[in-house]
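Just below is one structure, and these are the notes that go with it.
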Amino acid sequence: MSALVESYVAGRWVRATDDGTPVLDATTGEEIARVSSRGLDHAALVAHGRDVGGPAVRRLTFHERAGLLKALAKHLGQHKDEFYALSLRTGATQRDSMIDIDGGLGTVFSYASKGTRELPNDTVILDGSVETLGRGGTFVGQHVYTSRRGVAVAINAFNFPVWGMLEKFAPAFLAGLPSIVKPASQTAYLTEAVVRRIIEAGILPEGALQLVCGGAGTLLDELDEQDSVAFTGSAHTAQVLRNHPAVLRRGVRLGVEADSLNCSILGLDITPEDPEFDLFVKGVVTEMTVKAGQKCTAIRRALVPEPLVGAVTEAISARLATITVGNPADPSVRMGPLASLTQRDEVRKAVEALRNSAEIGYGDPNRVDVVGADPERGAFLSPVLLRARPGATEPHDVEPFGPVSTVLSYATTDEAIALAARGKGSLVASLVTHDPQIARAVTLGLAPWHGRVLVLDRDDAAESTGHGSPLPVLVHGGPGRAGGGEELGGIRGVLHQMQRTAVQASPDMMTAIGGRWTRGSRRTVGEVHPFRKSLAELEIGDSIVSTARTVTLADVEHFAEFTGDTFYAHTDAEAAAANPLFGGIVAHGYLVVSLAAGLFVDPDPGPVLANFGVDDLRFLTPVKAEDSIRVTLTVKQITPRSSADYGEVRWDAVVTNQDDAPVATYDVLTLVAKTWPQESTG
């Protein structure tokens with residue numbers, strides 16, 4: 001009997017109390033592992049995540065969590081050969097394994113980078129601007145994101161045992177949540193191997209990641225209102241989860257990615273001679289054969305203008321004829337087997353259902369020539385292309401989760417949009433066109449029914465990542481039949497798992513709560529210029545109020561001549577006087593900002609190393625010749641960089657005139673040394 005895949009629960013590896021269910025090699029049919037969760041203590045599993053993992057992760061700032069993700073991805077990258085060898089047994093070719101394994105590691109790297117660049121070095125995220133709630137400015141509101149106090153349960157499908165786990169884990173960890181991963185049994189042995197390498201590295205805090213191999217058992221019974229479940233799988237199982245008491249009555253958050261009848265549309269503007277025609281054909285074939293079509297984003301429906309149905313069917317068939325099916329270890333093989341014999345049987349049933357309203361244009365679901373393997377012992381299936389008859393309904397209802405696609409015809413752009421919508425909600429649609437008007441009409445028509453839309457043409461094809469590739473920076477999920485869930489999307493995927501709360505308080509209290517200076521809060525104006533303070537010495541609220549400077553007509557004329565900005569409001573007194581906004585010559589806005597910098601900058605070498613940007617610049621009141629201005633500069637936010645000997649300081653700048661009316665507001669962004677004089681790092 002083969003080895004039993006183990007679970008990782010409450011800090012130790014645990015074997016089930018029974019012999020488990022056999023898992024077969026997708027290519028050879030031999031037993032390679034057994035899987036079971038019998039005997040697991042689900043209460044201890046969840047309690048360990050909440051009581052040990054959660055507090056440990058939440059103690060870390062976003063930057064610290066991001067640093068651990070980066071270290072984790074680097075560590076796993078050293079073991080890719082081991083993962084690739086196991087991935088072969090799932091039926092994956094080298095290319096398939098790259099999408100799963102390297103794609104998973106790339107997602108972790110992406111979240112590590114975004115966590116450092118886009119999130120504060122803190123444990124709370126401020127969402128949007130402060131809202132003034134009272135006339136006097138003493139009562140304000142601010143939305144904040146904080147970490148929930150539960151666990152994130154990730155229930156994954158069989159087709160992506162590595163990426164499926166990591167794309168859920170990375171944003172959850174960054175959000176401050178410990179994860180409990182439950183992979184599909186068919187490929188759980190690969191997920192277990194990755195988790196073993198994660199645990200042995202000791203990079204993550206204890207309890208941050210636990211693993212359940214086998215059935216979910218009573219896991220959901222242990223969850224409550226602070227917990228969440230992210231599910232990828234069938235619509236049937238999704239419905240079971242939706243009806244679970246934990247979701248219905250205890251408020252467990254449920255995110256679902258389920259069945260998806262994705263489509264690709266060939267635009268009405270395309271002819272067989274256009275490069276877009278080949279791009280369309282190549283895209284359909286790629287999505288039919290990568291991972292043997294076992295992708296939730298694969299193209300199930302190819303929507304083609306009526307006059308081109310024959311040409312498209314012939315072109316796709318010709319490409320499919322070049323696809324070698326067989327043992328994924330053979331370099332000549334382009335498509336391996338499905339994940340299991342059961343999966344092959346399910347796809348065959350789906351093809352039979354589709355044949356009620358379609359003819360087979362290529363392939364035989366019951367016969368396939370196989371290289372380097374036994375076609376009966378392995379879960380092999382030929383790519384199958386169907387051509388739907390007019391009025392076909394099955395292609396919009398039946399999802400063959402394998403190397404199968406159906407060509408459907410349409411006459412008008414509106415009809416193509418309507419056919420796409422008959423999928424009742426999908427993860428992704430692609431449109432192949434070189435006509436901007438078609439691109440706009442179809443994209444806006446598809447958007448309400450799809451989580452992602454790829455518009456492909458000769459201009460973006462070289463860099464396009466393809467129809468079926470979810471990217472960590474873009475939302476993955478879809479409405480309706482696709483489950484209504486949402487994952488990834490960069491920092492959106494992190495915020496999605498946190499709690500957004502509206503906080504109402506005085507400016508001083510808001511500053512203390514959010515860690516960012518709020519306008520109206522106390523300022524500290526000391527004898528030492530803030531630019532003379534290192535990051536270690538600066539505090540939120542440190543300020544400087546400059547002396548005043550008169551802006552002369554000569555200043556305005558010089559700036560116009562020097563920069564070439566001779567807009568009439570700065571150079572033509574008669575035209576400027578006729579402008580209802582100005583009523584005379586006014587200073588350039590950028591002249592005002594430049595003069596303001598001269599008022600607050602300390603010129604000598606010091607801890608301020610560089611100015612790297614200005615955010616949210618607004619010009620509020622025109623500055624006329626002979627007006628005077630002064631600037632108040634306040635430390636708004638301090639963000640140390642863990643990987644450098646400096647950090648970022650955001651300063652609130654308010655420029656006022658002689659009447660104390662604000663003429664410009666903006667944030668100044670600087671890099672400031674952590675200590676000064678700087679300590680040598682060499």
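Residues are named by chain letter and number: chains run A, B, ... in the order of the structure tokens, numbers start at 1 in each chain, and ligands are numbered from 1 in the order shown.
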In range 461-662 of chain A, DSSP helix (DSSP H, G or I) residues written as a ChimeraX atom specification: /A:480-482,492-495,507-514,530-532,553-563,568-571,573-578,589-600
Test item: residues at most 9 Å from Leu553 in chain A, only C-alpha atoms, excluding those fewer than 6 positions along its chain, as a PyMOL selection string: chain A and resi 585-587+624-626
Output file for the residues above (all heavy atoms, as a compact mmCIF listing (two decimals), in the first residue's frame):
```txt
# COMPACT_ATOMS: atom_id res chain seq x y z
N ILE A 585 -3.57 89.56 -13.76
CA ILE A 585 -2.41 88.68 -13.83
C ILE A 585 -2.29 87.87 -12.55
O ILE A 585 -2.39 88.42 -11.44
CB ILE A 585 -1.11 89.50 -14.04
CG1 ILE A 585 -1.12 90.17 -15.42
CG2 ILE A 585 0.12 88.61 -13.88
CD1 ILE A 585 -0.95 89.20 -16.56
N VAL A 586 -2.09 86.56 -12.70
CA VAL A 586 -1.90 85.68 -11.54
C VAL A 586 -0.61 84.89 -11.70
O VAL A 586 -0.11 84.69 -12.82
CB VAL A 586 -3.09 84.71 -11.37
CG1 VAL A 586 -4.36 85.46 -11.05
CG2 VAL A 586 -3.27 83.84 -12.60
N ALA A 587 -0.08 84.45 -10.60
CA ALA A 587 1.14 83.64 -10.61
C ALA A 587 0.83 82.23 -11.09
O ALA A 587 -0.26 81.70 -10.88
CB ALA A 587 1.74 83.59 -9.21
N LYS A 624 -2.18 86.63 -6.86
CA LYS A 624 -1.96 87.77 -7.74
C LYS A 624 -0.62 88.43 -7.41
O LYS A 624 -0.04 88.22 -6.34
CB LYS A 624 -3.10 88.78 -7.61
CG LYS A 624 -4.45 88.21 -8.05
CD LYS A 624 -5.54 89.27 -7.99
CE LYS A 624 -6.86 88.71 -8.49
NZ LYS A 624 -7.95 89.73 -8.48
N ALA A 625 -0.16 89.21 -8.36
CA ALA A 625 1.08 89.94 -8.14
C ALA A 625 0.95 90.81 -6.88
O ALA A 625 -0.08 91.45 -6.66
CB ALA A 625 1.40 90.81 -9.35
N GLU A 626 1.99 90.76 -6.07
CA GLU A 626 2.11 91.48 -4.80
C GLU A 626 1.35 90.83 -3.66
O GLU A 626 1.35 91.36 -2.54
CB GLU A 626 1.67 92.95 -4.94
CG GLU A 626 2.39 93.71 -6.05
CD GLU A 626 3.91 93.55 -6.00
OE1 GLU A 626 4.49 93.58 -4.90
OE2 GLU A 626 4.53 93.40 -7.07
```
DSSP-assigned strand (DSSP E or B) members of range 407-625 of chain A, reported as an mmCIF file with C-alpha atoms, in the first residue's frame:
```
data_model
loop_
_atom_site.group_PDB
_atom_site.id
_atom_site.type_symbol
_atom_site.label_atom_id
_atom_site.label_comp_id
_atom_site.auth_asym_id
_atom_site.auth_seq_id
_atom_site.Cartn_x
_atom_site.Cartn_y
_atom_site.Cartn_z
ATOM 1 C CA VAL A 407 -17.919 26.916 -32.147
ATOM 2 C CA LEU A 408 -21.113 29.012 -32.285
ATOM 3 C CA SER A 409 -22.100 31.477 -34.989
ATOM 4 C CA TYR A 410 -23.460 35.002 -34.631
ATOM 5 C CA SER A 426 -18.142 33.862 -16.385
ATOM 6 C CA LEU A 427 -14.630 34.410 -15.162
ATOM 7 C CA VAL A 428 -13.225 35.729 -18.424
ATOM 8 C CA ALA A 429 -14.087 36.552 -22.007
ATOM 9 C CA SER A 430 -11.771 37.500 -24.816
ATOM 10 C CA LEU A 431 -12.518 39.634 -27.841
ATOM 11 C CA VAL A 432 -10.266 39.486 -30.890
ATOM 12 C CA HIS A 450 -17.528 38.752 -16.657
ATOM 13 C CA GLY A 451 -14.791 39.276 -14.089
ATOM 14 C CA ARG A 452 -12.145 39.947 -16.746
ATOM 15 C CA VAL A 453 -12.188 40.882 -20.440
ATOM 16 C CA LEU A 454 -9.164 40.473 -22.720
ATOM 17 C CA VAL A 455 -9.179 42.568 -25.900
ATOM 18 C CA LEU A 456 -6.603 41.030 -28.228
ATOM 19 C CA VAL A 475 -9.224 40.582 -10.162
ATOM 20 C CA HIS A 476 -9.945 36.867 -10.592
ATOM 21 C CA GLU A 487 -9.685 36.944 -5.529
ATOM 22 C CA LEU A 488 -6.339 38.555 -6.349
ATOM 23 C CA GLN A 499 -12.749 44.511 7.978
ATOM 24 C CA ARG A 500 -13.547 48.037 6.824
ATOM 25 C CA THR A 501 -14.780 50.251 9.647
ATOM 26 C CA ALA A 502 -15.920 53.875 9.689
ATOM 27 C CA VAL A 503 -14.278 55.696 12.582
ATOM 28 C CA GLN A 504 -15.612 59.037 13.863
ATOM 29 C CA ALA A 505 -13.452 61.104 16.181
ATOM 30 C CA THR A 524 4.547 70.526 17.142
ATOM 31 C CA VAL A 525 6.600 73.528 16.084
ATOM 32 C CA ASP A 542 6.299 67.875 13.681
ATOM 33 C CA SER A 543 5.838 71.131 11.771
ATOM 34 C CA ILE A 544 7.431 74.249 10.411
ATOM 35 C CA VAL A 545 5.590 77.507 9.688
ATOM 36 C CA ARG A 549 7.260 85.970 0.801
ATOM 37 C CA THR A 550 5.772 88.493 -1.600
ATOM 38 C CA VAL A 586 -1.900 85.681 -11.535
ATOM 39 C CA VAL A 608 16.483 64.375 4.055
ATOM 40 C CA LEU A 609 18.023 62.515 1.127
ATOM 41 C CA ALA A 610 15.578 63.172 -1.711
ATOM 42 C CA ASN A 611 12.168 64.452 -2.732
ATOM 43 C CA PHE A 612 10.510 61.680 -4.742
ATOM 44 C CA GLY A 613 7.081 63.086 -5.435
ATOM 45 C CA VAL A 614 4.102 65.326 -4.815
ATOM 46 C CA ASP A 615 0.619 63.887 -4.283
ATOM 47 C CA ASP A 616 -2.864 65.407 -4.373
ATOM 48 C CA LEU A 617 -1.797 68.874 -5.514
ATOM 49 C CA ARG A 618 -4.704 71.319 -5.657
ATOM 50 C CA PHE A 619 -4.661 75.058 -6.423
ATOM 51 C CA LYS A 624 -1.956 87.772 -7.741
#
```
Top pick for closest residue to Ala329 in chain A, considering A:Arg50, A:His588, A:Arg95, A:His42 and counting only C-alpha atoms: A:Arg95
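Among the candidates A:Leu45, A:Ala193, A:Ile198, A:Leu446, the one nearest to Tyr84 in chain A when counting only C-alpha atoms is A:Ala193.
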Residue neighbourhood Leu219 in chain A, 9 Å, only C-alpha atoms, exclusion window fewer than 2 positions, as a VMD selection string: chain A and resid 41 to 43 45 to 46 216 to 217 221 to 223
Non-local contacts of Asp18 in chain A (12 Å; only C-alpha atoms; under 6 positions in same chain excluded) as a PDB file with C-alpha atoms, in the first residue's frame:
```
ATOM      1  CA  LEU A   4      -0.742   8.116   3.343  1.00  0.00           C
ATOM      2  CA  VAL A   5      -0.699  11.833   2.655  1.00  0.00           C
ATOM      3  CA  GLU A   6      -0.541  13.649   5.995  1.00  0.00           C
ATOM      4  CA  ARG A  34      -3.665   7.519  -0.208  1.00  0.00           C
ATOM      5  CA  VAL A  35      -5.649  10.384   1.226  1.00  0.00           C
ATOM      6  CA  SER A  36      -7.883  10.684   4.284  1.00  0.00           C
ATOM      7  CA  SER A  37      -8.718  13.148   7.049  1.00  0.00           C
ATOM      8  CA  ARG A  38     -10.311  10.558   9.338  1.00  0.00           C
ATOM      9  CA  GLY A  39      -9.549  11.294  12.973  1.00  0.00           C
ATOM     10  CA  LEU A  40      -8.461  14.905  12.568  1.00  0.00           C
ATOM     11  CA  GLY A 214      -8.860  14.467   2.645  1.00  0.00           C
TER      12      GLY A 214
END
```
Distance query Gly255 in chain A at most 10 Å, only C-alpha atoms, self and fewer than 6 positions along chain excluded, as a PyMOL selection string: chain A and resi 154+228-232+238+241-242+477+483-487
Export of the given selection (N, CA, C and O atoms) as a PDB file, in the first residue's frame:
```
ATOM      1  N   ALA A 154      -9.117  27.813   2.878  1.00  0.00           N
ATOM      2  CA  ALA A 154      -9.004  27.774   1.422  1.00  0.00           C
ATOM      3  C   ALA A 154      -9.285  26.352   0.948  1.00  0.00           C
ATOM      4  O   ALA A 154      -8.513  25.429   1.232  1.00  0.00           O
ATOM      5  N   SER A 228     -13.505  33.048   7.355  1.00  0.00           N
ATOM      6  CA  SER A 228     -13.888  33.131   5.946  1.00  0.00           C
ATOM      7  C   SER A 228     -13.507  31.836   5.240  1.00  0.00           C
ATOM      8  O   SER A 228     -12.589  31.124   5.659  1.00  0.00           O
ATOM      9  N   VAL A 229     -14.226  31.550   4.166  1.00  0.00           N
ATOM     10  CA  VAL A 229     -13.957  30.384   3.330  1.00  0.00           C
ATOM     11  C   VAL A 229     -13.832  30.852   1.889  1.00  0.00           C
ATOM     12  O   VAL A 229     -14.723  31.540   1.377  1.00  0.00           O
ATOM     13  N   ALA A 230     -12.738  30.486   1.240  1.00  0.00           N
ATOM     14  CA  ALA A 230     -12.559  30.754  -0.186  1.00  0.00           C
ATOM     15  C   ALA A 230     -12.585  29.407  -0.896  1.00  0.00           C
ATOM     16  O   ALA A 230     -11.711  28.564  -0.673  1.00  0.00           O
ATOM     17  N   PHE A 231     -13.574  29.215  -1.744  1.00  0.00           N
ATOM     18  CA  PHE A 231     -13.796  27.918  -2.390  1.00  0.00           C
ATOM     19  C   PHE A 231     -13.617  28.016  -3.896  1.00  0.00           C
ATOM     20  O   PHE A 231     -14.138  28.935  -4.537  1.00  0.00           O
ATOM     21  N   THR A 232     -12.907  27.037  -4.455  1.00  0.00           N
ATOM     22  CA  THR A 232     -12.805  26.877  -5.898  1.00  0.00           C
ATOM     23  C   THR A 232     -13.228  25.457  -6.232  1.00  0.00           C
ATOM     24  O   THR A 232     -12.633  24.494  -5.726  1.00  0.00           O
ATOM     25  N   ALA A 238     -20.430  24.320  -4.252  1.00  0.00           N
ATOM     26  CA  ALA A 238     -20.602  25.708  -3.807  1.00  0.00           C
ATOM     27  C   ALA A 238     -21.971  25.912  -3.176  1.00  0.00           C
ATOM     28  O   ALA A 238     -22.109  26.606  -2.162  1.00  0.00           O
ATOM     29  N   LEU A 241     -22.050  24.549   0.294  1.00  0.00           N
ATOM     30  CA  LEU A 241     -21.385  25.462   1.218  1.00  0.00           C
ATOM     31  C   LEU A 241     -22.273  26.659   1.548  1.00  0.00           C
ATOM     32  O   LEU A 241     -22.336  27.107   2.697  1.00  0.00           O
ATOM     33  N   ARG A 242     -22.948  27.178   0.544  1.00  0.00           N
ATOM     34  CA  ARG A 242     -23.823  28.334   0.779  1.00  0.00           C
ATOM     35  C   ARG A 242     -24.942  28.010   1.770  1.00  0.00           C
ATOM     36  O   ARG A 242     -25.431  28.884   2.478  1.00  0.00           O
ATOM     37  N   GLY A 477     -12.268  36.223 -10.712  1.00  0.00           N
ATOM     38  CA  GLY A 477     -13.586  35.894 -10.193  1.00  0.00           C
ATOM     39  C   GLY A 477     -14.620  36.346 -11.207  1.00  0.00           C
ATOM     40  O   GLY A 477     -14.289  36.974 -12.215  1.00  0.00           O
ATOM     41  N   GLY A 483     -19.767  32.147  -9.667  1.00  0.00           N
ATOM     42  CA  GLY A 483     -19.672  32.077  -8.212  1.00  0.00           C
ATOM     43  C   GLY A 483     -19.859  33.381  -7.494  1.00  0.00           C
ATOM     44  O   GLY A 483     -20.150  33.408  -6.300  1.00  0.00           O
ATOM     45  N   GLY A 484     -19.629  34.503  -8.184  1.00  0.00           N
ATOM     46  CA  GLY A 484     -19.786  35.801  -7.524  1.00  0.00           C
ATOM     47  C   GLY A 484     -18.638  36.158  -6.606  1.00  0.00           C
ATOM     48  O   GLY A 484     -18.715  37.141  -5.868  1.00  0.00           O
ATOM     49  N   GLY A 485     -17.560  35.385  -6.630  1.00  0.00           N
ATOM     50  CA  GLY A 485     -16.433  35.646  -5.746  1.00  0.00           C
ATOM     51  C   GLY A 485     -15.409  36.565  -6.376  1.00  0.00           C
ATOM     52  O   GLY A 485     -15.513  36.956  -7.537  1.00  0.00           O
ATOM     53  N   GLU A 486     -14.405  36.915  -5.583  1.00  0.00           N
ATOM     54  CA  GLU A 486     -13.347  37.793  -6.066  1.00  0.00           C
ATOM     55  C   GLU A 486     -12.063  37.471  -5.322  1.00  0.00           C
ATOM     56  O   GLU A 486     -12.029  37.441  -4.093  1.00  0.00           O
ATOM     57  N   GLU A 487     -11.008  37.197  -6.096  1.00  0.00           N
ATOM     58  CA  GLU A 487      -9.685  36.944  -5.529  1.00  0.00           C
ATOM     59  C   GLU A 487      -8.668  37.794  -6.275  1.00  0.00           C
ATOM     60  O   GLU A 487      -8.955  38.387  -7.309  1.00  0.00           O
TER      61      GLU A 487
END
```
Distance query range 359-364 of chain A at most 10 Å, only C-alpha atoms, self and fewer than 6 positions along chain excluded, as a ChimeraX atom specification: /A:310,313-314,316-318,320-321,348,351,381-389,404,406-407
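Distance annotation: of A:Arg334, A:Lys114, A:Arg197, A:Arg301, the residue with the minimal separation from Ile491 in chain A is A:Lys114; atom set is only C-alpha atoms.
Closest approach to Leu174 in chain A from the set A:Thr191, A:Gln497, A:Thr286, A:Thr90 is made by A:Gln497, with distances taken over only C-alpha atoms.
Of the residues listed (A:Asp414, A:Glu376, A:Glu257, A:Glu527), A:Asp414 shows the shortest atom-to-atom separation from Ile438 in chain A; distances use only C-alpha atoms.
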Between CA of Gly233 in chain A and CA of Asn156 in chain A, distance in Å (one decimal): 6.8 Å
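Shell of range 568-575 of chain A at 9 Å, with only C-alpha atoms counted and residues fewer than 2 places along the chain excluded, is Val556, Glu557, Ala560, Asp565, Thr566, Ala577, Ala578, Asn579, Phe582, Gly583, Gly584, Ile585, Val586, Ala587 and His588 of chain A.
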